[in-house]
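Below is one structure, written out as structure tokens; comments come after it.
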Amino acid sequence: MSQLVFIAFQDNDNARYLAEAIMEDNPEAELQHQPAMIRIQAEKRLVINRETMEEKLGRDWDVQEMLIDVISIGGNVDEDDDHFILQWN
Amino acid sequence: MSIEIKTNSVEPIRHTYGHIARRFGDKPATRYQEASYDIEAKTNFHYRPQWDSEHTLNDPTRTAIRMEDWYAVTDPRQFYYGAYVGNRAKMQEAAETSFGFCEKRNLLTRLPQETQKQLLRLLVPLRHVELGANMNNSKIAGDATATTVSQMHIYTGMDRLGIGQYLSRIALMIDGSTGAGLDESKGYWMDDELWQPMRKLVEDSLVIDDWFELTLVQNILMDGLMYPLVYDKIDTWFESQGAEDVSMLTEFMRDWYKESLRWTNAMLKVVAGESDDNRELLQKWIDHWEPQAYNALKPLAQASAGIDALDEARAELATRLKKCGLQSQGVSA
Amino acid sequence: MAVKNKKLNLKDKYQYLTRDMSWEPTYQKKEDIYPDERFEGIKITDWSQWEDPFRLTMDAYWKYQAEKEKKLYAIFDAFAQNNGHQNISDARYVNALKLFLSGVSPLEHAAYQGYAKVGRQFSGAGARVACQMQAIDELRHSQTQQHAMSHYNKHFNGLHDAAHMHDRVWFLSVPKSFFDDARSAGPFEFLTAISFSFEYVLTNLLFVPFMSGAAYNGDMATVTFGFSAQSDEARHMTLGLEVIKFILEQHEDNVPIVQQWIDKWFWRGFRLLSLVGMMMDYMLPNKVMSWAEAWEVYYEQNGGALFKDLERYGIRPPKYQDIANDAKNHVSHQAWATFYQYGHATNFHTWMPEKEELDWLSEKYPDTFDKYYRPRFEHWAKEHAEGRRFYNNTLPQLCQVCQIPTIFTEKDDPSMLSHRQIEHEGERYHFCSDGCCDIFKNEPEKYVQAWLPVHQIYQGNCEGGDVETVVSKYYHINIGEDNFDYVGSPDQKRWLAIKGKSSEEKTESAKQDAA
């Protein structure tokens, strides 16, 4: 059985950068546009890298900033200064 | 005719919720009112709590204080969640600037070793007192009935966590973010004689069952002596020791305490004014706890600003209590 | 003092800023400071193993939350100033908000109180702080919901006394008893119930479809508060998963206790969500997805991945999961049929779906809708068109545990009502299912206490014996305004006036549709 992790964001300007960064770092992930939200799912693991986001935004970015736009997640969370990782073991 | 229908359809059919209208009349209500009054369950609870089978959920008899209507206790600041976090976001922005400034210019690491040690011994251990205050206020928020009362306590509980974190950051600034300063400071809290009466008082407060007794002890008596002593009198004393820059890092606490007086005074006034029974009970609690709070702070005062400073704080508290028809042992000026 | 030279990393620094402020007490006994930590039988050997689910210090919390609130209230103001209620898809939609405000918003407040309580009960400071942060978040949700609905309340009926109704109205005892059950349990069960089973496993089924539904139906205020609240939910979900892993890792004796809680709270949550299923399939004029589809994505798929992950602790998927999965094709129809019949005793309007809506349901539920539900709904629509709107004047039999009328059917026979009963200390108790009956059998002393609305009416505790008096005086439902069919209601008349139509035209066309 497949084990999908997912993250959903409000569909706003911040989320577009997040989605772009996530799709770049997780090429296998699947992006879905739903009413007012963007949902990204992937098999077993999904990572958000601070470095990629900073490149996209052209400024410093704190991993916790994403808390403002996240709607929901599925998977174990592993968070540090540089990453936000969702995964099933 | 059709124009009239159009106009009517935009006119509101009522101006606020029924439960708000029953208190204040059917007129546009404030956000504070709609967020705070009568949104909490009052009756027909299904099961008795397994952790307290003597009471129901949301049971007003979880304190011995009796109020005809607990919603008579309100917040003069009119804090609902949005107003609360908006206010604190501004305060933290100012604090952040001060911490950044001190850090950048090494204002604390430049202090003599002895002064640094004094900060770790006399100021930073208060983070543990703050955690006790955090726990006590969370308990009160969980036990109190009426959102107007309980929300003030959860806000205060979170504030106390924040204040404990600011105090911790003073040590992290001194030790270069290694945690060594915090370990040293915690050692004083656990073993230094100076702190033992205070630590005992905090632990004693953690087993107070009656939530109104607890808010009196924590937010009025203990804080009423500790905040003026530490953040006013001892602050001045630190200045005399050449550590005036620390004052920037405790500005949040001074502003916070000044603001907290608004709701604690208002709460005490309403509750004491409700009945003689309430006032007598409050007086009994004050007689029991105020001297303990005073004695717990004595060693700290002796090691810093002096007993006179503590007596001044005690007099301030006595003056506050007197306005509510209550007495304490302080000699009011 | 240990000599340290290394700078702290994020995780250690956060620990210094939270749990390190706590200490081992010596003047009072630990059991006296934390008296509620033991009685459930959960064994915690080492709280230092607690992994903080998120690392948010208060300064960052204030900053981010203030930013969210600023955005949110700017939209509420704009919504009210521009009479945003006129831009929704159809006034029938507002009935979903009535159900939400009276059924869900009071739970947010109960959650606030519950988390404040457990935010004191645990001896592990990391867990306490995480719970307290959730407490204040839940208070936020309860308050922003009052503010978001405030404007609707000025223009529609049925939203005017939500908390009063929540304490009394027959179907609102379903959500109320759910949360009372969790809050009256010990701290570990509370977290298993609310943080894990509800927030982690099931909350997506409540909020995500509901908010998408609001977006599809032009309800800007609700979309905004919903998504803004959901951004806190990501933290709460992380807490939910952390709690379960922590308890399971602490001691093997905890596994069977937790398994029984998961079974119980999955089933209770599933029953509670029947109300959401009905809302999605019937109360949204513009549909997002069917309840069955939502259940497949958010429970079968996401829940499946989760329980596979928990296998290593010896946890299996919830008991009766197969029955719940099968019921996804039935519950929303059964619930709506019930509310339609008892629409004289609800604070929201009910109606029979229009033809395109029936077709949509047939398409989404190919195996069940035409066979079991459509004929009955078409019959009721016809009766109504001929002036005989059907209302059921008997009082229903409620399940002793979930408190829903015993309206659900057997898994293997959708034409057979599911009903269980047992005798306990000389009294007979009725249940909607084996799931609810098991819950009772595990803790009969708790569930015999249930405040069952129908029994209470019979016992004369609701200001009257006849339905009309109970509904108007005890429930505060304004008869002829809040209740009965949507067609012909004051809400409908005002809506048609907003849209520049007379109610006669609309009723005429409705009659033609039905005929």
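We label chains A, B, ... in the order they appear in the structure tokens, count residues from 1 in each chain, and number ligands from 1 in the order shown.
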Each chain A residue no farther than 8 Å from chain C, nearest pair in Å, only C-alpha atoms, as JSON lines:
{"residue": "A:Ser2", "atom": "CA", "partner": "C:Ala305", "partner_atom": "CA", "distance": 7.4}
{"residue": "A:Gln3", "atom": "CA", "partner": "C:Ala305", "partner_atom": "CA", "distance": 4.7}
{"residue": "A:Leu4", "atom": "CA", "partner": "C:Ala305", "partner_atom": "CA", "distance": 6.4}
{"residue": "A:Val5", "atom": "CA", "partner": "C:Asn302", "partner_atom": "CA", "distance": 7.7}
{"residue": "A:Gln10", "atom": "CA", "partner": "C:Phe227", "partner_atom": "CA", "distance": 6.7}
{"residue": "A:Gln34", "atom": "CA", "partner": "C:Ser212", "partner_atom": "CA", "distance": 7.6}
{"residue": "A:Pro35", "atom": "CA", "partner": "C:Ser212", "partner_atom": "CA", "distance": 5.3}
{"residue": "A:Ala36", "atom": "CA", "partner": "C:Ala215", "partner_atom": "CA", "distance": 6.4}
{"residue": "A:Met37", "atom": "CA", "partner": "C:Ser212", "partner_atom": "CA", "distance": 7.9}
{"residue": "A:Glu65", "atom": "CA", "partner": "C:Tyr64", "partner_atom": "CA", "distance": 7.7}
{"residue": "A:Leu67", "atom": "CA", "partner": "C:Ser231", "partner_atom": "CA", "distance": 6.0}
{"residue": "A:Ile68", "atom": "CA", "partner": "C:Ser231", "partner_atom": "CA", "distance": 5.9}
{"residue": "A:Asp69", "atom": "CA", "partner": "C:Ser231", "partner_atom": "CA", "distance": 5.9}
{"residue": "A:Val70", "atom": "CA", "partner": "C:Ser231", "partner_atom": "CA", "distance": 4.9}
{"residue": "A:Ile71", "atom": "CA", "partner": "C:Gln230", "partner_atom": "CA", "distance": 4.7}
{"residue": "A:Ser72", "atom": "CA", "partner": "C:Ala234", "partner_atom": "CA", "distance": 5.2}
{"residue": "A:Ile73", "atom": "CA", "partner": "C:Ala234", "partner_atom": "CA", "distance": 6.1}
{"residue": "A:Gly74", "atom": "CA", "partner": "C:Asn302", "partner_atom": "CA", "distance": 6.9}
{"residue": "A:Gly75", "atom": "CA", "partner": "C:Leu306", "partner_atom": "CA", "distance": 7.2}
{"residue": "A:Asn76", "atom": "CA", "partner": "C:Leu241", "partner_atom": "CA", "distance": 7.3}
{"residue": "A:Val77", "atom": "CA", "partner": "C:Thr238", "partner_atom": "CA", "distance": 6.7}
{"residue": "A:Glu79", "atom": "CA", "partner": "C:Phe54", "partner_atom": "CA", "distance": 7.6}
{"residue": "A:Asp80", "atom": "CA", "partner": "C:Leu10", "partner_atom": "CA", "distance": 6.8}
{"residue": "A:Asp81", "atom": "CA", "partner": "C:Leu10", "partner_atom": "CA", "distance": 6.7}
{"residue": "A:Trp88", "atom": "CA", "partner": "C:Asp309", "partner_atom": "CA", "distance": 6.2}
{"residue": "A:Asn89", "atom": "CA", "partner": "C:Asp309", "partner_atom": "CA", "distance": 6.2}
Exercise. Which parts of range 89-231 of chain C does DSSP call alpha helix (DSSP H) when run on the backbone here, written out as JSON, numbers by chain?
Worked result: {"C": [94, 95, 96, 97, 98, 99, 100, 101, 102, 103, 105, 106, 107, 108, 109, 110, 111, 112, 113, 114, 115, 116, 117, 118, 119, 120, 121, 125, 126, 127, 128, 129, 130, 131, 132, 133, 134, 135, 136, 137, 138, 139, 140, 141, 142, 143, 144, 145, 146, 147, 148, 149, 150, 151, 152, 153, 154, 155, 162, 163, 164, 165, 166, 173, 174, 175, 176, 177, 178, 179, 180, 181, 182, 183, 184, 187, 188, 189, 190, 203, 204, 205, 206, 207, 208, 209, 210, 211, 212, 213, 214, 215, 216, 220, 221, 222, 223, 224, 225, 226, 227, 228, 229, 230, 231]}
Residue selection dump (C-alpha atoms) as a tab-separated table (two decimals), in the first residue's frame:
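Result went into result_14.tsv, see below:
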chain	number	residue	atom	x	y	z
C	94	VAL	CA	-26.05	29.79	5.54
C	95	ASN	CA	-27.68	26.77	7.16
C	96	ALA	CA	-24.28	25.09	7.16
C	97	LEU	CA	-23.00	28.06	9.17
C	98	LYS	CA	-25.86	27.70	11.66
C	99	LEU	CA	-24.90	24.09	12.21
C	100	PHE	CA	-21.27	25.11	12.52
C	101	LEU	CA	-21.82	27.93	15.01
C	102	SER	CA	-24.08	25.91	17.29
C	103	GLY	CA	-22.37	22.55	16.83
C	105	SER	CA	-17.79	26.67	17.78
C	106	PRO	CA	-18.76	25.70	21.36
C	107	LEU	CA	-16.38	22.75	20.98
C	108	GLU	CA	-13.56	25.16	20.27
C	109	HIS	CA	-14.27	26.78	23.60
C	110	ALA	CA	-14.45	23.41	25.33
C	111	ALA	CA	-11.11	22.56	23.70
C	112	TYR	CA	-9.64	25.76	25.09
C	113	GLN	CA	-10.74	24.77	28.59
C	114	GLY	CA	-9.59	21.19	28.16
C	115	TYR	CA	-6.12	22.13	26.96
C	116	ALA	CA	-5.71	24.73	29.71
C	117	LYS	CA	-6.47	21.91	32.15
C	118	VAL	CA	-4.03	19.38	30.69
C	119	GLY	CA	-1.56	22.25	30.25
C	120	ARG	CA	-1.28	22.04	34.03
C	121	GLN	CA	-1.77	18.33	34.65
C	125	ALA	CA	6.99	20.80	31.03
C	126	GLY	CA	7.50	20.32	27.29
C	127	ALA	CA	4.08	18.71	26.98
C	128	ARG	CA	2.48	21.30	29.23
C	129	VAL	CA	3.74	24.20	27.17
C	130	ALA	CA	2.58	22.61	23.90
C	131	CYS	CA	-0.88	22.06	25.42
C	132	GLN	CA	-1.11	25.61	26.73
C	133	MET	CA	-0.29	26.99	23.33
C	134	GLN	CA	-3.06	24.88	21.89
C	135	ALA	CA	-5.39	26.14	24.65
C	136	ILE	CA	-4.93	29.75	23.66
C	137	ASP	CA	-5.20	28.83	19.97
C	138	GLU	CA	-8.54	27.14	20.62
C	139	LEU	CA	-9.75	30.22	22.44
C	140	ARG	CA	-8.75	32.11	19.33
C	141	HIS	CA	-10.84	29.85	17.14
C	142	SER	CA	-13.89	30.09	19.34
C	143	GLN	CA	-13.66	33.87	19.30
C	144	THR	CA	-12.86	34.41	15.62
C	145	GLN	CA	-15.82	32.18	14.78
C	146	GLN	CA	-18.13	34.43	16.80
C	147	HIS	CA	-16.72	37.40	14.91
C	148	ALA	CA	-16.90	35.76	11.49
C	149	MET	CA	-20.55	34.80	12.00
C	150	SER	CA	-21.52	38.08	13.63
C	151	HIS	CA	-22.44	39.67	10.31
C	152	TYR	CA	-24.44	36.65	9.14
C	153	ASN	CA	-26.37	36.73	12.41
C	154	LYS	CA	-27.52	40.22	11.54
C	155	HIS	CA	-29.06	39.05	8.28
C	162	ALA	CA	-25.59	29.17	19.65
C	163	ALA	CA	-24.09	28.48	23.07
C	164	HIS	CA	-27.50	28.35	24.75
C	165	MET	CA	-28.68	25.86	22.15
C	166	HIS	CA	-25.50	23.82	22.41
C	173	SER	CA	-25.92	16.86	22.56
C	174	VAL	CA	-24.02	14.80	19.97
C	175	PRO	CA	-21.06	17.20	19.76
C	176	LYS	CA	-21.47	18.35	23.36
C	177	SER	CA	-21.32	14.85	24.83
C	178	PHE	CA	-18.32	14.06	22.61
C	179	PHE	CA	-16.28	16.86	24.13
C	180	ASP	CA	-17.64	16.39	27.65
C	181	ASP	CA	-16.52	12.79	27.36
C	182	ALA	CA	-12.96	13.84	26.47
C	183	ARG	CA	-12.75	16.62	29.05
C	184	SER	CA	-14.03	14.44	31.87
C	187	PRO	CA	-5.13	13.93	30.65
C	188	PHE	CA	-3.68	11.12	28.53
C	189	GLU	CA	-7.06	10.03	27.25
C	190	PHE	CA	-7.95	13.65	26.53
C	203	THR	CA	-10.07	17.06	11.66
C	204	ASN	CA	-9.22	17.35	7.98
C	205	LEU	CA	-12.63	15.91	7.29
C	206	LEU	CA	-14.22	18.74	9.18
C	207	PHE	CA	-12.21	21.76	8.19
C	208	VAL	CA	-10.74	21.20	4.79
C	209	PRO	CA	-13.98	20.25	2.97
C	210	PHE	CA	-15.93	22.78	5.00
C	211	MET	CA	-13.57	25.60	4.10
C	212	SER	CA	-13.32	24.56	0.49
C	213	GLY	CA	-17.11	24.47	0.55
C	214	ALA	CA	-17.19	28.01	1.89
C	215	ALA	CA	-14.81	29.06	-0.88
C	216	TYR	CA	-17.03	27.47	-3.53
C	220	MET	CA	-15.18	34.94	2.20
C	221	ALA	CA	-15.46	35.43	5.96
C	222	THR	CA	-15.63	31.72	6.69
C	223	VAL	CA	-12.91	30.76	4.25
C	224	THR	CA	-10.66	33.27	5.90
C	225	PHE	CA	-11.26	32.29	9.49
C	226	GLY	CA	-11.18	28.64	8.56
C	227	PHE	CA	-7.87	28.70	6.81
C	228	SER	CA	-6.40	31.03	9.38
C	229	ALA	CA	-7.47	28.63	12.14
C	230	GLN	CA	-6.12	25.71	10.14
C	231	SER	CA	-2.68	27.27	10.14
For this session: For CA of His19 in chain B and CA of Asn347 in chain C, determine how far apart the two atoms are, in Å to one decimal place.
Result: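 Distance reported for this atom pair: 15.4 Å.
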For this session: Using only C-alpha atoms, find the residues of chain B whose closest atom to chain C is at most 6 Å away, then write them as a PyMOL selection string.
Result: chain B and resi 9+12-15+17-18+35+39+46-47+49-50+81-82+85-86+89+92+128+135+138-139+141-142+162+165+177-178+180+184+200+206-207
Take the selection from the previous step and output its residues with N, CA and C atoms, as a tab-separated table (two decimals), in the first residue's frame.
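See out.tsv below for the written result:
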chain	number	residue	atom	x	y	z
B	9	SER	N	-33.82	44.60	2.62
B	9	SER	CA	-33.00	43.40	2.63
B	9	SER	C	-31.58	43.69	3.10
B	12	PRO	N	-30.22	45.17	8.86
B	12	PRO	CA	-30.08	43.98	9.70
B	12	PRO	C	-31.39	43.62	10.42
B	13	ILE	N	-31.62	42.34	10.63
B	13	ILE	CA	-32.81	41.94	11.39
B	13	ILE	C	-32.52	41.94	12.90
B	14	ARG	N	-31.26	41.91	13.27
B	14	ARG	CA	-30.87	42.06	14.68
B	14	ARG	C	-29.44	42.60	14.67
B	15	HIS	N	-29.02	43.12	15.80
B	15	HIS	CA	-27.70	43.77	15.80
B	15	HIS	C	-26.61	42.95	16.45
B	17	TYR	N	-25.88	38.91	18.82
B	17	TYR	CA	-26.40	37.61	19.26
B	17	TYR	C	-27.37	37.80	20.43
B	18	GLY	N	-28.27	36.84	20.58
B	18	GLY	CA	-29.26	36.91	21.66
B	18	GLY	C	-28.63	36.98	23.04
B	35	ALA	N	-16.85	38.11	21.87
B	35	ALA	CA	-15.85	37.06	22.07
B	35	ALA	C	-15.83	36.52	23.49
B	39	ILE	N	-20.31	32.41	25.88
B	39	ILE	CA	-20.05	31.41	24.84
B	39	ILE	C	-19.58	30.10	25.47
B	46	HIS	N	-22.60	16.13	30.66
B	46	HIS	CA	-22.96	14.72	30.56
B	46	HIS	C	-22.29	13.82	31.59
B	47	TYR	N	-21.02	14.07	31.85
B	47	TYR	CA	-20.28	13.13	32.70
B	47	TYR	C	-19.47	13.89	33.75
B	49	PRO	N	-16.21	14.65	35.85
B	49	PRO	CA	-14.79	14.46	35.55
B	49	PRO	C	-14.19	13.34	36.40
B	50	GLN	N	-13.42	12.49	35.76
B	50	GLN	CA	-12.77	11.41	36.50
B	50	GLN	C	-11.69	11.94	37.42
B	81	TYR	N	-8.62	37.45	22.09
B	81	TYR	CA	-7.36	36.91	21.58
B	81	TYR	C	-6.65	37.86	20.61
B	82	GLY	N	-7.39	38.37	19.63
B	82	GLY	CA	-6.78	39.21	18.60
B	82	GLY	C	-6.17	40.47	19.19
B	85	VAL	N	-2.90	39.36	21.27
B	85	VAL	CA	-1.65	39.09	20.54
B	85	VAL	C	-1.15	40.33	19.81
B	86	GLY	N	-2.07	41.18	19.37
B	86	GLY	CA	-1.66	42.41	18.69
B	86	GLY	C	-0.84	43.28	19.63
B	89	ALA	N	2.54	41.58	20.39
B	89	ALA	CA	3.46	41.62	19.24
B	89	ALA	C	4.22	42.94	19.24
B	92	GLN	N	6.79	42.81	22.08
B	92	GLN	CA	7.94	41.94	21.80
B	92	GLN	C	8.86	42.56	20.76
B	128	HIS	N	12.27	30.57	36.98
B	128	HIS	CA	11.56	29.43	37.56
B	128	HIS	C	10.28	29.90	38.25
B	135	MET	N	2.20	27.86	35.22
B	135	MET	CA	1.40	26.68	35.56
B	135	MET	C	0.15	27.07	36.34
B	138	SER	N	-2.43	28.60	34.09
B	138	SER	CA	-3.05	27.62	33.20
B	138	SER	C	-4.11	26.83	33.98
B	139	LYS	N	-3.78	26.49	35.22
B	139	LYS	CA	-4.77	25.80	36.06
B	139	LYS	C	-6.02	26.66	36.24
B	141	ALA	N	-7.14	29.06	34.34
B	141	ALA	CA	-7.89	29.13	33.08
B	141	ALA	C	-8.71	27.86	32.87
B	142	GLY	N	-8.17	26.72	33.31
B	142	GLY	CA	-8.89	25.46	33.15
B	142	GLY	C	-10.03	25.28	34.14
B	162	GLY	N	6.55	33.70	28.44
B	162	GLY	CA	7.36	34.63	27.65
B	162	GLY	C	8.37	35.37	28.52
B	165	GLN	N	11.16	33.26	29.38
B	165	GLN	CA	12.06	33.10	28.23
B	165	GLN	C	12.97	34.32	28.07
B	177	SER	N	25.42	31.82	24.66
B	177	SER	CA	24.49	30.81	24.14
B	177	SER	C	24.98	29.37	24.31
B	178	THR	N	25.62	29.09	25.44
B	178	THR	CA	26.04	27.70	25.66
B	178	THR	C	25.12	27.01	26.66
B	180	ALA	N	25.51	27.40	29.86
B	180	ALA	CA	26.24	27.31	31.14
B	180	ALA	C	25.68	28.28	32.17
B	184	GLU	N	24.11	27.35	35.82
B	184	GLU	CA	24.59	27.96	37.06
B	184	GLU	C	23.43	28.58	37.83
B	200	LYS	N	10.15	27.36	48.03
B	200	LYS	CA	9.12	26.69	48.82
B	200	LYS	C	7.75	27.33	48.58
B	206	LEU	N	1.72	25.65	44.04
B	206	LEU	CA	1.35	24.65	43.04
B	206	LEU	C	0.39	23.59	43.58
B	207	VAL	N	0.19	23.57	44.89
B	207	VAL	CA	-0.78	22.61	45.42
B	207	VAL	C	-2.03	23.30	45.97
For this session: Report the residues of chain A whose backbone DSSP state falls under strand (DSSP E or B), written as a PyMOL selection string.
Result: chain A and resi 4-10+30-34+37-43+45-49+70-74+76-79+83-87
Residues just named, written with C-alpha atoms as a compact mmCIF listing (two decimals), in the first residue's frame:
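File again_36.txt, as written:
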# COMPACT_ATOMS: atom_id res chain seq x y z
CA LEU A 4 1.53 9.38 1.17
CA VAL A 5 2.66 12.37 3.15
CA PHE A 6 1.05 15.70 2.33
CA ILE A 7 1.04 19.37 3.07
CA ALA A 8 -1.66 21.89 2.17
CA PHE A 9 -1.31 25.67 1.97
CA GLN A 10 -3.67 28.56 1.54
CA GLU A 30 2.26 15.74 -6.96
CA LEU A 31 0.73 19.21 -6.79
CA GLN A 32 -3.04 19.64 -6.68
CA HIS A 33 -4.97 22.90 -6.92
CA GLN A 34 -8.15 22.78 -4.86
CA MET A 37 -5.78 25.80 -1.39
CA ILE A 38 -2.74 24.04 -2.80
CA ARG A 39 -2.08 20.49 -1.74
CA ILE A 40 1.18 18.66 -2.35
CA GLN A 41 1.58 14.96 -1.71
CA ALA A 42 4.46 12.56 -2.11
CA GLU A 43 5.30 8.98 -1.39
CA ARG A 45 8.80 11.88 2.27
CA LEU A 46 8.57 15.56 1.49
CA VAL A 47 11.16 18.19 2.35
CA ILE A 48 11.13 21.98 2.45
CA ASN A 49 14.61 23.49 2.42
CA VAL A 70 -0.07 25.92 6.21
CA ILE A 71 -3.54 24.41 6.42
CA SER A 72 -2.81 20.80 7.10
CA ILE A 73 -0.14 18.13 7.08
CA GLY A 74 0.14 14.37 7.12
CA ASN A 76 5.84 12.72 11.04
CA VAL A 77 7.41 16.15 11.33
CA ASP A 78 11.12 16.74 11.62
CA GLU A 79 12.01 20.40 11.85
CA HIS A 83 14.52 21.98 6.89
CA PHE A 84 10.95 21.02 7.46
CA ILE A 85 10.55 17.33 6.68
CA LEU A 86 7.40 15.20 6.55
CA GLN A 87 7.84 11.46 6.47
Exercise. Near Thr147 in chain B, within 6 Å and counting only C-alpha atoms, which residues show up once chain neighbours fewer than 3 positions away are dropped, as a list in words?
Worked result: Ser36, Ser150 and Gln151 of chain B
For this session: Could you give me, as a ChimeraX atom specification, the residues within 10 Å of range 275-288 of chain B, counting only C-alpha atoms and dropping anything in the same chain fewer than 3 positions from it?
Result: /B:64-68,212-214,216-217,220-221,268-272,291-293,321,324-329
Using only C-alpha atoms, please write the residues we just selected to a file, as a PDB file, in the first residue's frame.
ATOM      1  CA  ALA B  64     -15.236  28.965  47.611  1.00  0.00           C
ATOM      2  CA  ILE B  65     -15.772  32.511  46.308  1.00  0.00           C
ATOM      3  CA  ARG B  66     -19.397  33.063  45.311  1.00  0.00           C
ATOM      4  CA  MET B  67     -20.503  35.355  42.534  1.00  0.00           C
ATOM      5  CA  GLU B  68     -24.046  35.889  41.349  1.00  0.00           C
ATOM      6  CA  PHE B 212      -9.521  32.029  43.159  1.00  0.00           C
ATOM      7  CA  GLU B 213      -7.278  31.633  46.164  1.00  0.00           C
ATOM      8  CA  LEU B 214      -4.567  30.790  43.667  1.00  0.00           C
ATOM      9  CA  LEU B 216      -5.020  35.990  44.664  1.00  0.00           C
ATOM     10  CA  VAL B 217      -1.776  34.393  45.854  1.00  0.00           C
ATOM     11  CA  ILE B 220      -1.886  39.769  43.406  1.00  0.00           C
ATOM     12  CA  LEU B 221       0.148  38.902  46.503  1.00  0.00           C
ATOM     13  CA  LEU B 268     -10.339  42.059  43.146  1.00  0.00           C
ATOM     14  CA  LYS B 269     -12.597  45.065  43.448  1.00  0.00           C
ATOM     15  CA  VAL B 270     -15.583  43.298  41.907  1.00  0.00           C
ATOM     16  CA  VAL B 271     -15.109  40.048  43.807  1.00  0.00           C
ATOM     17  CA  ALA B 272     -14.517  41.710  47.190  1.00  0.00           C
ATOM     18  CA  PRO B 291       3.423  37.350  55.167  1.00  0.00           C
ATOM     19  CA  GLN B 292       4.734  34.230  53.432  1.00  0.00           C
ATOM     20  CA  ALA B 293       5.275  36.124  50.191  1.00  0.00           C
ATOM     21  CA  LEU B 321      -5.717  46.077  48.866  1.00  0.00           C
ATOM     22  CA  CYS B 324     -10.938  46.947  47.977  1.00  0.00           C
ATOM     23  CA  GLY B 325     -11.600  47.061  51.705  1.00  0.00           C
ATOM     24  CA  LEU B 326      -8.857  44.547  52.480  1.00  0.00           C
ATOM     25  CA  GLN B 327      -5.913  44.773  54.843  1.00  0.00           C
ATOM     26  CA  SER B 328      -2.380  43.493  54.759  1.00  0.00           C
ATOM     27  CA  GLN B 329       0.572  43.967  57.025  1.00  0.00           C
TER      28      GLN B 329
END
Problem set entry | Within 9 Å of range 261-275 of chain C using only C-alpha atoms, minus same-chain residues under 3 positions, as a count of residues only | 41
Problem set entry | Contacts of range 232-242 of chain B at 8 Å (only C-alpha atoms; same-chain gap of 6+ positions) as a VMD selection string | chain B and resid 111 115 254 301 304 to 305 309
For this session: Excluding Met226 in chain B and any residue of its chain fewer than 6 positions from it, enumerate the residues within 9 Å of it, using only C-alpha atoms, and give them as a ChimeraX atom specification.
Result: /B:293-294,297,310,313
Exercise. At what distance in Å, to one decimal, does CA of Ala296 in chain B lie from CA of Ile170 in chain B?
Worked result: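 These two atoms are separated by 23.4 Å.
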Exercise. What is the distance between CA of Phe101 in chain B and CA of Val63 in chain A, in Å to one decimal?
Worked result: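 Rounded to one decimal, the two atoms are 24.1 Å apart.
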